[in-house]
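Trainee: So that you have it, the file is coords-v1.cif, and it contains mmCIF, C-alpha atoms and all ligand atoms:
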```
data_entry
#
loop_
_atom_site.label_atom_id
_atom_site.label_comp_id
_atom_site.auth_asym_id
_atom_site.auth_seq_id
_atom_site.Cartn_x
_atom_site.Cartn_y
_atom_site.Cartn_z
CA MET A 1 77.48 -101.50 191.68
CA LYS A 2 79.58 -102.24 194.72
CA ALA A 3 80.78 -105.79 195.39
CA LEU A 4 79.93 -108.07 198.28
CA ILE A 5 82.45 -110.92 198.26
CA PHE A 6 82.20 -113.82 200.68
CA ASP A 7 84.54 -116.48 201.99
CA ILE A 8 82.70 -119.81 202.30
CA ASP A 9 84.11 -121.67 205.29
CA GLY A 10 83.13 -120.23 208.66
CA VAL A 11 81.20 -117.41 206.94
CA LEU A 12 78.57 -118.88 204.60
CA VAL A 13 78.91 -122.46 205.83
CA ASP A 14 79.48 -123.88 209.32
CA VAL A 15 82.45 -126.22 208.86
CA SER A 16 83.07 -126.88 212.55
CA LYS A 17 81.74 -130.42 212.14
CA SER A 18 83.15 -131.05 208.65
CA TYR A 19 86.48 -129.59 207.50
CA ARG A 20 87.74 -129.14 211.05
CA ILE A 21 86.98 -132.77 211.88
CA ALA A 22 88.50 -133.90 208.56
CA ILE A 23 91.77 -132.14 209.54
CA LYS A 24 91.62 -133.77 212.98
CA LYS A 25 90.99 -137.27 211.61
CA THR A 26 93.62 -136.94 208.86
CA VAL A 27 96.30 -135.77 211.30
CA GLU A 28 95.39 -138.47 213.79
CA PHE A 29 95.39 -141.16 211.07
CA PHE A 30 98.95 -140.40 209.95
CA SER A 31 100.48 -139.40 213.31
CA GLY A 32 98.67 -141.87 215.57
CA LYS A 33 98.25 -139.06 218.12
CA GLU A 34 95.28 -136.93 219.05
CA VAL A 35 95.04 -133.27 218.00
CA SER A 36 92.55 -130.89 219.62
CA LEU A 37 90.22 -128.57 217.74
CA GLU A 38 91.78 -125.68 219.68
CA ARG A 39 95.20 -126.59 218.31
CA ILE A 40 93.76 -126.68 214.77
CA GLN A 41 92.25 -123.21 215.33
CA GLU A 42 95.73 -121.95 216.28
CA TYR A 43 97.07 -123.07 212.91
CA LYS A 44 94.18 -121.36 211.11
CA ASN A 45 94.79 -118.16 213.09
CA LYS A 46 98.50 -118.21 212.33
CA GLY A 47 97.71 -118.08 208.62
CA GLY A 48 99.82 -118.75 205.55
CA LEU A 49 98.00 -122.03 204.84
CA ASN A 50 95.96 -121.94 201.65
CA ASN A 51 93.56 -124.74 202.47
CA ASP A 52 92.87 -127.54 204.90
CA TRP A 53 95.14 -130.02 203.09
CA ASP A 54 98.00 -127.59 203.74
CA CYS A 55 96.83 -127.19 207.32
CA SER A 56 96.84 -130.97 207.87
CA GLU A 57 100.31 -131.21 206.32
CA ALA A 58 101.66 -128.38 208.51
CA ILE A 59 100.44 -130.01 211.72
CA LEU A 60 101.92 -133.36 210.64
CA LYS A 61 105.28 -131.74 209.81
CA ASP A 62 105.40 -130.12 213.24
CA ARG A 63 104.94 -133.64 214.64
CA ASP A 64 107.85 -134.85 212.50
CA VAL A 65 105.50 -136.92 210.36
CA VAL A 66 106.26 -136.52 206.66
CA VAL A 67 103.58 -137.85 204.32
CA GLU A 68 103.33 -137.40 200.55
CA LYS A 69 100.89 -134.54 199.86
CA GLN A 70 98.64 -136.61 197.58
CA LYS A 71 98.19 -139.22 200.33
CA ILE A 72 97.10 -136.48 202.73
CA ILE A 73 94.63 -135.15 200.15
CA ASP A 74 93.21 -138.62 199.43
CA LYS A 75 92.73 -139.47 203.11
CA PHE A 76 91.27 -136.03 203.87
CA ASN A 77 88.79 -136.38 200.99
CA GLU A 78 87.81 -139.86 202.14
CA TYR A 79 86.70 -138.34 205.46
CA TYR A 80 85.26 -135.14 203.97
CA LEU A 81 83.56 -136.29 200.76
CA GLY A 82 83.12 -139.91 201.87
CA LYS A 83 84.32 -143.22 200.46
CA ASN A 84 81.60 -142.90 197.80
CA LYS A 85 78.70 -140.52 197.22
CA ASP A 86 76.32 -142.53 199.41
CA ASP A 87 78.72 -142.77 202.36
CA PRO A 88 76.57 -141.78 205.40
CA ASP A 89 79.71 -140.82 207.36
CA ALA A 90 80.88 -138.21 204.83
CA LEU A 91 81.60 -135.12 206.92
CA ILE A 92 80.33 -132.78 204.19
CA LYS A 93 76.83 -133.96 205.16
CA LYS A 94 77.29 -132.26 208.56
CA GLU A 95 77.67 -128.77 207.07
CA ALA A 96 75.04 -126.11 207.63
CA TRP A 97 74.39 -123.02 205.48
CA LEU A 98 74.55 -119.83 207.58
CA LEU A 99 73.38 -116.81 205.54
CA ASP A 100 69.61 -116.23 205.63
CA ILE A 101 68.20 -116.65 202.13
CA SER A 102 65.74 -113.76 202.63
CA LEU A 103 68.68 -111.47 203.43
CA LEU A 104 70.54 -112.70 200.35
CA GLU A 105 67.47 -111.92 198.23
CA GLN A 106 67.41 -108.35 199.59
CA LEU A 107 71.09 -107.85 198.76
CA THR A 108 71.34 -109.32 195.26
CA PRO A 109 69.40 -106.53 193.46
CA ILE A 110 71.57 -103.83 195.09
CA TYR A 111 75.07 -105.34 195.03
CA ALA A 112 77.22 -107.55 192.81
CA VAL A 113 77.49 -110.71 194.93
CA GLY A 114 80.37 -113.16 194.64
CA ILE A 115 82.51 -115.72 196.42
CA MET A 116 86.27 -116.05 196.82
CA THR A 117 87.25 -119.22 198.60
CA GLY A 118 90.26 -121.46 199.10
CA ARG A 119 87.95 -124.45 198.51
CA PRO A 120 88.65 -126.63 195.50
CA GLN A 121 86.00 -126.33 192.77
CA ILE A 122 84.25 -129.59 193.64
CA ASP A 123 83.80 -128.64 197.32
CA ALA A 124 82.61 -125.11 196.45
CA ASP A 125 80.08 -126.50 193.95
CA LEU A 126 78.76 -128.97 196.51
CA ALA A 127 78.19 -126.24 199.13
CA LEU A 128 76.17 -124.17 196.64
CA GLN A 129 74.25 -127.19 195.35
CA VAL A 130 73.24 -128.52 198.75
CA SER A 131 72.08 -125.07 199.92
CA ASN A 132 70.51 -124.31 196.52
CA THR A 133 72.17 -120.88 196.53
CA GLY A 134 74.30 -121.03 193.38
CA LYS A 135 71.91 -118.69 191.55
CA TYR A 136 72.67 -115.82 193.92
CA PHE A 137 76.43 -115.76 193.34
CA GLY A 138 77.37 -114.29 189.95
CA THR A 139 81.09 -114.89 190.33
CA VAL A 140 82.80 -117.71 192.23
CA ILE A 141 86.60 -117.84 192.52
CA VAL A 142 88.04 -121.14 193.85
CA LEU A 143 91.40 -122.71 194.66
CA GLU A 144 92.14 -123.67 191.05
CA ASP A 145 91.54 -120.13 189.72
CA VAL A 146 94.57 -118.59 191.42
CA GLU A 147 98.28 -119.17 191.70
CA LYS A 148 98.62 -117.59 195.11
CA GLY A 149 96.13 -118.20 197.90
CA LYS A 150 95.12 -115.77 200.62
CA PRO A 151 96.60 -113.57 202.09
CA ASP A 152 97.65 -112.70 198.53
CA PRO A 153 94.95 -110.47 196.96
CA GLU A 154 95.08 -112.31 193.58
CA GLY A 155 91.75 -114.10 194.07
CA LEU A 156 89.90 -110.99 195.25
CA LEU A 157 91.30 -108.85 192.44
CA LEU A 158 90.24 -111.51 189.91
CA CYS A 159 86.79 -111.64 191.49
CA LEU A 160 86.42 -107.83 191.28
CA GLU A 161 87.57 -107.85 187.65
CA LYS A 162 85.05 -110.55 186.70
CA MET A 163 82.29 -108.68 188.53
CA GLY A 164 83.21 -105.39 186.84
CA CYS A 165 83.56 -103.69 190.23
CA ASN A 166 86.32 -101.69 191.83
CA GLU A 167 85.05 -101.33 195.37
CA GLY A 168 83.22 -103.32 197.96
CA TRP A 169 83.48 -105.54 200.99
CA TYR A 170 85.11 -108.89 201.76
CA PHE A 171 83.69 -111.08 204.51
CA GLY A 172 86.05 -113.65 206.02
CA ASP A 173 86.79 -115.40 209.30
CA THR A 174 90.60 -115.54 209.37
CA PRO A 175 93.44 -113.01 209.67
CA ASP A 176 94.60 -114.00 206.15
CA ASP A 177 91.15 -113.03 204.81
CA MET A 178 91.56 -109.56 206.32
CA ARG A 179 95.07 -109.16 204.86
CA ALA A 180 93.84 -110.20 201.41
CA ALA A 181 90.88 -107.78 201.60
CA LYS A 182 93.03 -104.79 202.53
CA ALA A 183 95.62 -105.63 199.84
CA ALA A 184 92.77 -105.72 197.28
CA GLY A 185 91.47 -102.31 198.42
CA LEU A 186 88.26 -103.70 199.91
CA VAL A 187 86.56 -103.02 203.21
CA ALA A 188 87.67 -105.95 205.40
CA VAL A 189 84.90 -107.43 207.54
CA GLY A 190 85.82 -110.10 210.07
CA VAL A 191 83.01 -112.56 210.72
CA PHE A 192 83.08 -114.82 213.76
CA PRO A 193 82.71 -118.48 212.71
CA PRO A 194 80.19 -120.52 214.74
CA GLN A 195 82.89 -122.33 216.73
CA ASP A 196 84.94 -119.32 217.82
CA LYS A 197 83.59 -115.96 218.94
CA SER A 198 86.54 -115.23 221.23
CA GLU A 199 88.22 -111.93 222.05
CA LEU A 200 91.47 -113.55 220.87
CA LEU A 201 90.08 -114.06 217.37
CA ARG A 202 88.62 -110.53 217.39
CA SER A 203 92.02 -109.03 218.18
CA LEU A 204 93.77 -111.20 215.56
CA LEU A 205 91.27 -110.05 212.92
CA VAL A 206 91.66 -106.39 213.91
CA ASP A 207 95.47 -106.65 213.95
CA ALA A 208 95.31 -108.13 210.42
CA GLY A 209 93.36 -105.09 209.20
CA ALA A 210 89.66 -105.78 209.86
CA ASP A 211 87.62 -102.58 209.54
CA TYR A 212 84.72 -104.27 211.35
CA VAL A 213 84.09 -107.54 213.18
CA ILE A 214 80.55 -108.95 213.23
CA GLY A 215 79.09 -111.81 215.25
CA SER A 216 77.76 -113.73 212.25
CA ILE A 217 77.15 -113.15 208.56
CA ASN A 218 73.48 -112.43 209.29
CA GLU A 219 74.62 -109.12 210.83
CA ILE A 220 75.95 -108.02 207.41
CA GLN A 221 73.68 -104.97 207.18
CA GLU A 222 75.44 -103.39 210.15
CA VAL A 223 78.50 -102.70 207.99
CA LEU A 224 76.90 -101.82 204.63
CA GLN A 225 76.45 -98.21 203.28
MG MG B 301 87.02 -119.23 206.15
#
```
Show me this structure written as structure tokens.
Mentor:
Amino acid sequence: MKALIFDIDGVLVDVSKSYRIAIKKTVEFFSGKEVSLERIQEYKNKGGLNNDWDCSEAILKDRDVVVEKQKIIDKFNEYYLGKNKDDPDALIKKEAWLLDISLLEQLTPIYAVGIMTGRPQIDADLALQVSNTGKYFGTVIVLEDVEKGKPDPEGLLLCLEKMGCNEGWYFGDTPDDMRAAKAAGLVAVGVFPPQDKSELLRSLLVDAGADYVIGSINEIQEVLQ
């Protein structure tokens, strides 16, 4: 069987109203100054940041604001996961699942289907629980499973090993996803996230090694075979 491996954020889940806003609020909380969503996208495009805690920290450092990493993580999680599990303002509640379930059901008998994400375990589990899609993904590799994040291929190679596959596709929305896919010997498919379908992002994905760029994950069949 060939492997279909998915990134979560921007590919399977629309995080434009969750993680992206959590970065914005965290940076603004510690720096006291506004940061635009466009500026945050620039940091994501630049790459080299394993997760959105690192992204928040990088923006703060560039503003000469140095905050202990754990404080950034705690504040970020307060916005993202909420102050408690019933917090109506928790940004995670604003996430939407993107991949059609009927499409997923057509793919799972034919391919080994897995996830490789920079999300911590708890956030990955929540995305699969809320969308009730956990049963479709045989292998899920998260932040805690690897020493080196994307663009290092460690997570994708581990995913392939656990799936018992040696070829397939990786679907991601950032240049680092494309670099990781190529380094792991996979077909690299750039997927436009809901908030950015720009020619700039297309060219960044292609420059990073994308073999294809598709408009959304629901166009997946265009690149299979
Ligand atoms: Mg992503």
Trainee: Between A:Asp125, A:Asp176, A:Asp7, A:Glu144, which has the minimum distance to ligand MG 301 (chain B) (counting all atoms listed in the file)?
Mentor: A:Asp7
Trainee: Just want the 12 Å neighbourhood of Leu126 of chain A, counted on only C-alpha atoms, with same-chain residues fewer than 3 positions away dropped. Output as an MDAnalysis selection string.
Mentor: chainID A and resid 8 13 80:81 85 92:93 95 97 119:123 129:134
Trainee: Which residues sit within 7 Å of ligand MG 301 (chain B), counting only C-alpha atoms and all ligand atoms, listed as number ranges by chain?
Mentor: A: 7-11, 172-174
Trainee: Enter the distance from atom CA of Val213 of chain A to atom CA of Asn45 of chain A, in Å, rounded to one decimal.
Mentor: 15.1 Å
Trainee: Give me, as a Markdown table, the closest atom pair and its distance (Å, one decimal) for every residue of segment 58-140 of chain A within a cut-off of 12 Å of segment 21-37 of chain A, counting all atoms listed in the file, rows sorted by chain and rising number.
Mentor:
```
| residue | atom | partner | partner_atom | distance |
| --- | --- | --- | --- | --- |
| A:Ala58 | CA | A:Val27 | CA | 9.5 |
| A:Ile59 | CA | A:Val27 | CA | 7.1 |
| A:Leu60 | CA | A:Val27 | CA | 6.2 |
| A:Lys61 | CA | A:Ser31 | CA | 9.7 |
| A:Asp62 | CA | A:Ser31 | CA | 10.5 |
| A:Arg63 | CA | A:Ser31 | CA | 7.4 |
| A:Asp64 | CA | A:Ser31 | CA | 8.7 |
| A:Val65 | CA | A:Ser31 | CA | 6.3 |
| A:Val66 | CA | A:Phe30 | CA | 8.9 |
| A:Val67 | CA | A:Phe30 | CA | 7.7 |
| A:Glu68 | CA | A:Phe30 | CA | 10.8 |
| A:Lys69 | CA | A:Thr26 | CA | 11.8 |
| A:Lys71 | CA | A:Phe30 | CA | 9.7 |
| A:Ile72 | CA | A:Thr26 | CA | 7.1 |
| A:Ile73 | CA | A:Thr26 | CA | 8.9 |
| A:Asp74 | CA | A:Thr26 | CA | 9.6 |
| A:Lys75 | CA | A:Thr26 | CA | 6.3 |
| A:Phe76 | CA | A:Thr26 | CA | 5.6 |
| A:Asn77 | CA | A:Ala22 | CA | 8.0 |
| A:Glu78 | CA | A:Ala22 | CA | 8.8 |
| A:Tyr79 | CA | A:Ala22 | CA | 5.7 |
| A:Tyr80 | CA | A:Ala22 | CA | 5.8 |
| A:Leu81 | CA | A:Ala22 | CA | 9.5 |
| A:Gly82 | CA | A:Ala22 | CA | 10.5 |
| A:Asp89 | CA | A:Ala22 | CA | 11.3 |
| A:Ala90 | CA | A:Ala22 | CA | 9.5 |
| A:Leu91 | CA | A:Ala22 | CA | 7.2 |
| A:Ile92 | CA | A:Ala22 | CA | 9.3 |
| A:Lys94 | CA | A:Ile21 | CA | 10.3 |
| A:Glu95 | CA | A:Ile21 | CA | 11.2 |
```
Trainee: As lines of an AutoDock Vina configuration file, what would the box around segment 54-65 of chain A look like: edges along x, y and z, 8 Å added on every side, centre and edge lengths in Å to one decimal?
Mentor:
```
center_x = 102.3
center_y = -132.1
center_z = 209.2
size_x = 27.0
size_y = 25.7
size_z = 26.9
```
Trainee: Taking into account all atoms listed in the file, which residue in the set A:Asn166, A:Ser198, A:Thr139, A:Gln106 is nearest to Leu186 of chain A?
Mentor: A:Asn166
Trainee: Which neighbours of Cys159 of chain A fall inside 8 Å, counting all atoms listed in the file, when residues of the same chain fewer than 4 positions from it are skipped, and could you give them as a ChimeraX atom specification?
Mentor: /A:114-116,139-141,155,163
Trainee: Choose the residue, out of A:Asp207, A:Ala112, A:Leu107, A:Ile214, that has the smallest atom-to-atom separation from Cys165 of chain A; count all atoms listed in the file.
Mentor: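 Of all the options, A:Ala112 lies closest to Cys165 of chain A.
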Trainee: Can you work out the spacing between atom CA of Asn218 of chain A and atom CA of Ser203 of chain A in Å, to one decimal?
Mentor: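 Here the two named atoms are 20.8 Å from each other.
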Trainee: Counting all atoms listed in the file, write as a short mmCIF file (atom, residue, chain, number, x, y, z; two decimals) with C-alpha atoms, keeping the file's coordinate frame all protein and nucleic acid residues lying at most 12 Å from (94.9, -115.9, 196.5) in the file's frame.
Mentor:
```
data_model
loop_
_atom_site.label_atom_id
_atom_site.label_comp_id
_atom_site.auth_asym_id
_atom_site.auth_seq_id
_atom_site.Cartn_x
_atom_site.Cartn_y
_atom_site.Cartn_z
CA ASP A 7 84.54 -116.48 201.99
CA GLY A 48 99.82 -118.75 205.55
CA LEU A 49 98.00 -122.03 204.84
CA ASN A 50 95.96 -121.94 201.65
CA ASN A 51 93.56 -124.74 202.47
CA MET A 116 86.27 -116.05 196.82
CA THR A 117 87.25 -119.22 198.60
CA GLY A 118 90.26 -121.46 199.10
CA ARG A 119 87.95 -124.45 198.51
CA ILE A 141 86.60 -117.84 192.52
CA VAL A 142 88.04 -121.14 193.85
CA LEU A 143 91.40 -122.71 194.66
CA GLU A 144 92.14 -123.67 191.05
CA ASP A 145 91.54 -120.13 189.72
CA VAL A 146 94.57 -118.59 191.42
CA GLU A 147 98.28 -119.17 191.70
CA LYS A 148 98.62 -117.59 195.11
CA GLY A 149 96.13 -118.20 197.90
CA LYS A 150 95.12 -115.77 200.62
CA PRO A 151 96.60 -113.57 202.09
CA ASP A 152 97.65 -112.70 198.53
CA PRO A 153 94.95 -110.47 196.96
CA GLU A 154 95.08 -112.31 193.58
CA GLY A 155 91.75 -114.10 194.07
CA LEU A 156 89.90 -110.99 195.25
CA LEU A 157 91.30 -108.85 192.44
CA LEU A 158 90.24 -111.51 189.91
CA CYS A 159 86.79 -111.64 191.49
CA ASP A 176 94.60 -114.00 206.15
CA ASP A 177 91.15 -113.03 204.81
CA ARG A 179 95.07 -109.16 204.86
CA ALA A 180 93.84 -110.20 201.41
CA ALA A 181 90.88 -107.78 201.60
CA ALA A 183 95.62 -105.63 199.84
CA ALA A 184 92.77 -105.72 197.28
#
```
Trainee: Please, what distance in Å, to one decimal, runs between atom CA of Leu205 of chain A and atom CA of Phe6 of chain A?
Mentor: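 Distance reported for this atom pair: 15.7 Å.
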Trainee: Point out the residue among A:Leu201, A:Val187, A:Val223, A:Ala124 with the least atom-to-atom distance to Glu38 of chain A, counting all atoms listed in the file.
Mentor: A:Leu201
Trainee: Determine the nearest neighbour of Gly138 of chain A from the options A:Arg202, A:Ser18, A:Leu4, A:Ala96, counting all atoms listed in the file.
Mentor: A:Leu4
Trainee: Calculated over only C-alpha atoms, which of the candidates A:Asp86, A:Asp14, A:Glu167, A:Glu105 has the smallest distance to Val191 of chain A?
Mentor: A:Asp14
